[in-house]
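Q: Once you've had a glance at the structure underneath, I'll fire off some questions.
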Amino acid sequence: MTIAAWWRRQSPWLYLVPALTLLIVFTYVPVGNMVWYSFHKWDGLDVTMDPVGLDNYVRVFTDERYWRVFLVSLYYFVASFAQIAIALYFAVVLSFNVRFRNLFKGILFFPYLLNGVAVGFVFLYLFQPDGTLDSVLRLVGLGGHTELWLGDPDIANVSLAGTSVWRFTGLNFVLFLGAIQSIPGEIYEAADIDGANRWHRFRYIIAPGIRRIISLSFILAVSGSLAVFEIPFIMTGGANGTRTFVVQAYQTAFQFRQIGLASAMAVVLLAVVLALTWIQRKVLPDDEVNLS
Amino acid sequence: MSKTVARSAKYVSLVLASIIVIVPLLVVLFASFKTHTEYNTTGPLTPPRNWFNLDNFATAWTDGDMLRGFWNTSVILAVSLTGTVFVGTMAAYAISRFAFPFKRLVLGLFLVAALVPGVTTQVATYQIVKSMGLVNTSWSAIVLFMGTDIVSIYIFIQFMQSIPRSVDHAAMIDGASRFTIYRKIILPLMRPAIATVVIIKGIAVYNEFYIPFLYLRSPDLNVISTALFRFKGPYGAQWETIAACTMIVILPTVVIFLLLQRLIYNGITAGATK
């Protein structure tokens, strides 16, 4: 084989080497290591790791401190339904002729672009005792309903989940709007001729047209509500019963140096996310993705 | 009659939603212009007496060392975005223009990796970055931003499929090498896809908190997210300073959004429906 021929045979790999190296070193090796760590007790510094079998997993599922964080995810999960509903409503409204449409679209979408720390501070300020929310409630005559929005463990998670809705609704909204606008206009005209009303229009044209993106949003809602980190970490640091799965895993790994236990938590989370995605692909075969 | 009701309900809901989005930000803007005594004596809904009181911004800018924060963020942005563009377009070029063994496997590797949420694997990724000696250097953030991004490779592949192969063939007949075709023909034609990736990834890197918080512990390495976060403890009683710093962080986002709206919408849609 001449050098030139050899070179030609290798060349696709030369283009792939940087991407594949980064992918393997920073995604696949960590996942592999994480599974390995999860069967050991390790502080991240010691040269030796003690194998402990399934102990870490047993602890994740039996110790209240660890499984409780799954319950916290439920707040965000429920909130994401509200988020999808609100996003869908405004996407449908703004897909028709509305005055100042671009302005409203921009306002609704804008929070999604903001820095997470900035959002955290904005809402810490909003929820302060005698802060913005309390003032607004007094202004509209609901002064008796002020609460310790972040201090009361019964309400803190609701406040944080509300912050999450404020932050992420814009993303769902723009995705839904994009999907609705990719439905050709002639279909609406044809439907109008056939005497379709607004409800028919939504039920038989818009809903089927955006079915795929809505189901994708639900899957992302589940994995997203398990992977909540920034908002509770920045706003409460996990205090008052607001510790989420990732906040707990972070503290276990980087503050208490229990790498094995934190890895077991991460493996459980990863398994849940992968299983959900697999189910989604089974239920809704991907007909649009065609890469090779 | 019912039509007018529906119409006004539509506008009422839009205005209400806009208020809910704007008011939390507006009150922070109010606070950022208030003096300390003014902040303590007025309610959050009261506008500041002097809209040109920039003292809080000056305090926030110097105490937070925001210049360094913006500088560090810019360096990380520039290097990781350039890296992503080259790494991503090269991988996309190999996948869309070459036939080679294990191509399906490679594609599968990229696809599965896209499903792994980055926050979950940091426990183990940290050990790897540490063993490379990159913790507490900007390189940790740079390689992680370059390497953990699968979405941009998808955007590149999809765009490259739309460039007709006859373009490549014509150049090949003229004697151009594969690399020349990539550099002189494909890369310039990819400009719209590159713009999309640079914008959505740029916004994501600018806003990223977890990775810099974990890997860039030294105050010299603060990016804007972590610089802002550091105000949390010591400035608990000085909300007007925190408010000013929050506004400093938000301002570039507002400017970018106003300038690049259309590109941002397109990029978000392209990235999420991969």
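Within each chain, counting starts at residue 1; across the structure tokens, chains are named A, B, ... in the order shown, with ligands numbered 1 upward in that order.
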Excluding Ala264 in chain A and any residue of its chain fewer than 5 positions from it, enumerate the residues within 10 Å of it, using only C-alpha atoms, and give them as a ChimeraX atom specification.

A: /A:34-40,54-60,249,259,269-270

Q: Got a sec to tell me which of range 204-262 of chain B DSSP assigns to helix (DSSP H, G or I), as a VMD selection string?

A: chain B and resid 204 to 207 210 to 215 219 to 221 224 to 229 239 to 262

Q: How about saving the chosen residues, N, CA and C atoms kept, as a compact mmCIF listing (two decimals), in the first residue's frame?

A:
# COMPACT_ATOMS: atom_id res chain seq x y z
N ALA B 204 -25.59 29.63 25.97
CA ALA B 204 -25.51 28.57 26.98
C ALA B 204 -24.23 28.70 27.80
N VAL B 205 -23.11 29.00 27.13
CA VAL B 205 -21.83 29.12 27.85
C VAL B 205 -21.86 30.35 28.76
N TYR B 206 -22.39 31.46 28.26
CA TYR B 206 -22.48 32.69 29.05
C TYR B 206 -23.28 32.44 30.33
N ASN B 207 -24.34 31.62 30.20
CA ASN B 207 -25.22 31.40 31.35
C ASN B 207 -24.80 30.24 32.24
N TYR B 210 -22.96 25.65 36.69
CA TYR B 210 -22.45 24.48 37.40
C TYR B 210 -20.98 24.22 37.08
N ILE B 211 -20.62 24.18 35.82
CA ILE B 211 -19.24 23.85 35.44
C ILE B 211 -18.24 24.87 35.98
N PRO B 212 -18.42 26.18 35.77
CA PRO B 212 -17.46 27.12 36.37
C PRO B 212 -17.47 27.07 37.90
N PHE B 213 -18.63 26.86 38.49
CA PHE B 213 -18.70 26.81 39.95
C PHE B 213 -17.88 25.64 40.49
N LEU B 214 -17.93 24.52 39.76
CA LEU B 214 -17.24 23.32 40.20
C LEU B 214 -15.75 23.37 39.91
N TYR B 215 -15.38 23.88 38.74
CA TYR B 215 -14.00 23.74 38.29
C TYR B 215 -13.16 25.01 38.46
N PRO B 219 -10.92 32.84 42.85
CA PRO B 219 -11.59 34.09 42.47
C PRO B 219 -11.02 34.73 41.21
N ASP B 220 -9.74 34.47 40.91
CA ASP B 220 -9.14 35.02 39.69
C ASP B 220 -9.81 34.47 38.44
N LEU B 221 -10.43 33.29 38.57
CA LEU B 221 -10.99 32.63 37.40
C LEU B 221 -12.49 32.85 37.27
N ILE B 224 -18.81 35.38 34.78
CA ILE B 224 -19.83 36.28 35.29
C ILE B 224 -20.83 35.58 36.21
N SER B 225 -21.19 34.30 35.89
CA SER B 225 -22.14 33.58 36.77
C SER B 225 -21.59 33.45 38.17
N THR B 226 -20.33 33.00 38.27
CA THR B 226 -19.78 32.76 39.60
C THR B 226 -19.46 34.07 40.30
N ALA B 227 -19.07 35.11 39.54
CA ALA B 227 -18.82 36.41 40.14
C ALA B 227 -20.10 36.93 40.79
N LEU B 228 -21.22 36.78 40.08
CA LEU B 228 -22.50 37.22 40.63
C LEU B 228 -22.87 36.40 41.85
N PHE B 229 -22.65 35.09 41.77
CA PHE B 229 -23.02 34.19 42.87
C PHE B 229 -22.28 34.55 44.15
N TRP B 239 -29.09 44.71 49.24
CA TRP B 239 -29.76 44.26 48.04
C TRP B 239 -29.55 45.20 46.86
N GLU B 240 -29.36 46.51 47.15
CA GLU B 240 -29.22 47.42 46.01
C GLU B 240 -27.95 47.11 45.22
N THR B 241 -26.89 46.63 45.89
CA THR B 241 -25.67 46.25 45.18
C THR B 241 -25.89 44.97 44.38
N ILE B 242 -26.52 43.98 45.03
CA ILE B 242 -26.80 42.73 44.32
C ILE B 242 -27.68 43.02 43.10
N ALA B 243 -28.67 43.90 43.27
CA ALA B 243 -29.57 44.23 42.17
C ALA B 243 -28.78 44.83 41.01
N ALA B 244 -27.84 45.73 41.33
CA ALA B 244 -27.06 46.36 40.27
C ALA B 244 -26.22 45.32 39.54
N CYS B 245 -25.62 44.41 40.29
CA CYS B 245 -24.78 43.40 39.66
C CYS B 245 -25.64 42.47 38.79
N THR B 246 -26.84 42.12 39.27
CA THR B 246 -27.74 41.29 38.48
C THR B 246 -28.05 41.98 37.15
N MET B 247 -28.28 43.29 37.21
CA MET B 247 -28.58 44.03 35.99
C MET B 247 -27.37 44.06 35.05
N ILE B 248 -26.17 44.15 35.65
CA ILE B 248 -24.96 44.14 34.81
C ILE B 248 -24.87 42.83 34.03
N VAL B 249 -25.25 41.74 34.70
CA VAL B 249 -25.19 40.42 34.04
C VAL B 249 -26.27 40.27 32.98
N ILE B 250 -27.45 40.85 33.26
CA ILE B 250 -28.58 40.70 32.33
C ILE B 250 -28.41 41.58 31.08
N LEU B 251 -27.79 42.74 31.25
CA LEU B 251 -27.73 43.70 30.14
C LEU B 251 -27.20 43.13 28.82
N PRO B 252 -26.06 42.41 28.82
CA PRO B 252 -25.58 41.87 27.53
C PRO B 252 -26.61 40.94 26.87
N THR B 253 -27.36 40.18 27.69
CA THR B 253 -28.37 39.29 27.14
C THR B 253 -29.46 40.09 26.42
N VAL B 254 -29.87 41.20 27.04
CA VAL B 254 -30.90 42.04 26.43
C VAL B 254 -30.40 42.55 25.07
N VAL B 255 -29.17 43.04 25.05
CA VAL B 255 -28.62 43.60 23.81
C VAL B 255 -28.55 42.53 22.72
N ILE B 256 -27.99 41.37 23.07
CA ILE B 256 -27.87 40.28 22.10
C ILE B 256 -29.25 39.87 21.58
N PHE B 257 -30.21 39.79 22.50
CA PHE B 257 -31.54 39.36 22.10
C PHE B 257 -32.17 40.36 21.14
N LEU B 258 -32.03 41.66 21.43
CA LEU B 258 -32.63 42.67 20.55
C LEU B 258 -31.98 42.64 19.17
N LEU B 259 -30.67 42.39 19.14
CA LEU B 259 -29.97 42.42 17.86
C LEU B 259 -30.20 41.15 17.04
N LEU B 260 -30.30 40.02 17.70
CA LEU B 260 -30.24 38.74 16.97
C LEU B 260 -31.49 37.89 17.13
N GLN B 261 -32.64 38.54 17.45
CA GLN B 261 -33.86 37.79 17.71
C GLN B 261 -34.12 36.63 16.77
N ARG B 262 -34.14 36.94 15.48
CA ARG B 262 -34.55 35.93 14.49
C ARG B 262 -33.62 34.73 14.53

Q: Mind running chain A against chain B at 6 Å and telling me each contacting residue's nearest atom pair with the distance in Å (one decimal), counting only C-alpha atoms, chain and number ascending, as CSV?

A:
residue,atom,partner,partner_atom,distance
A:Pro12,CA,B:Ala94,CA,4.9
A:Tyr15,CA,B:Met90,CA,5.0
A:Leu16,CA,B:Ala91,CA,4.7
A:Pro18,CA,B:Val87,CA,5.9
A:Ala19,CA,B:Val87,CA,5.5
A:Leu22,CA,B:Gly147,CA,4.7
A:Leu23,CA,B:Gly147,CA,5.7
A:Pro30,CA,B:Ala124,CA,4.9
A:Met34,CA,B:Ala124,CA,5.4
A:Asn115,CA,B:Asn207,CA,4.5
A:Ala118,CA,B:Thr246,CA,5.3
A:Thr132,CA,B:Pro44,CA,5.6
A:Leu175,CA,B:Thr269,CA,5.7
A:Ala266,CA,B:Thr120,CA,5.2
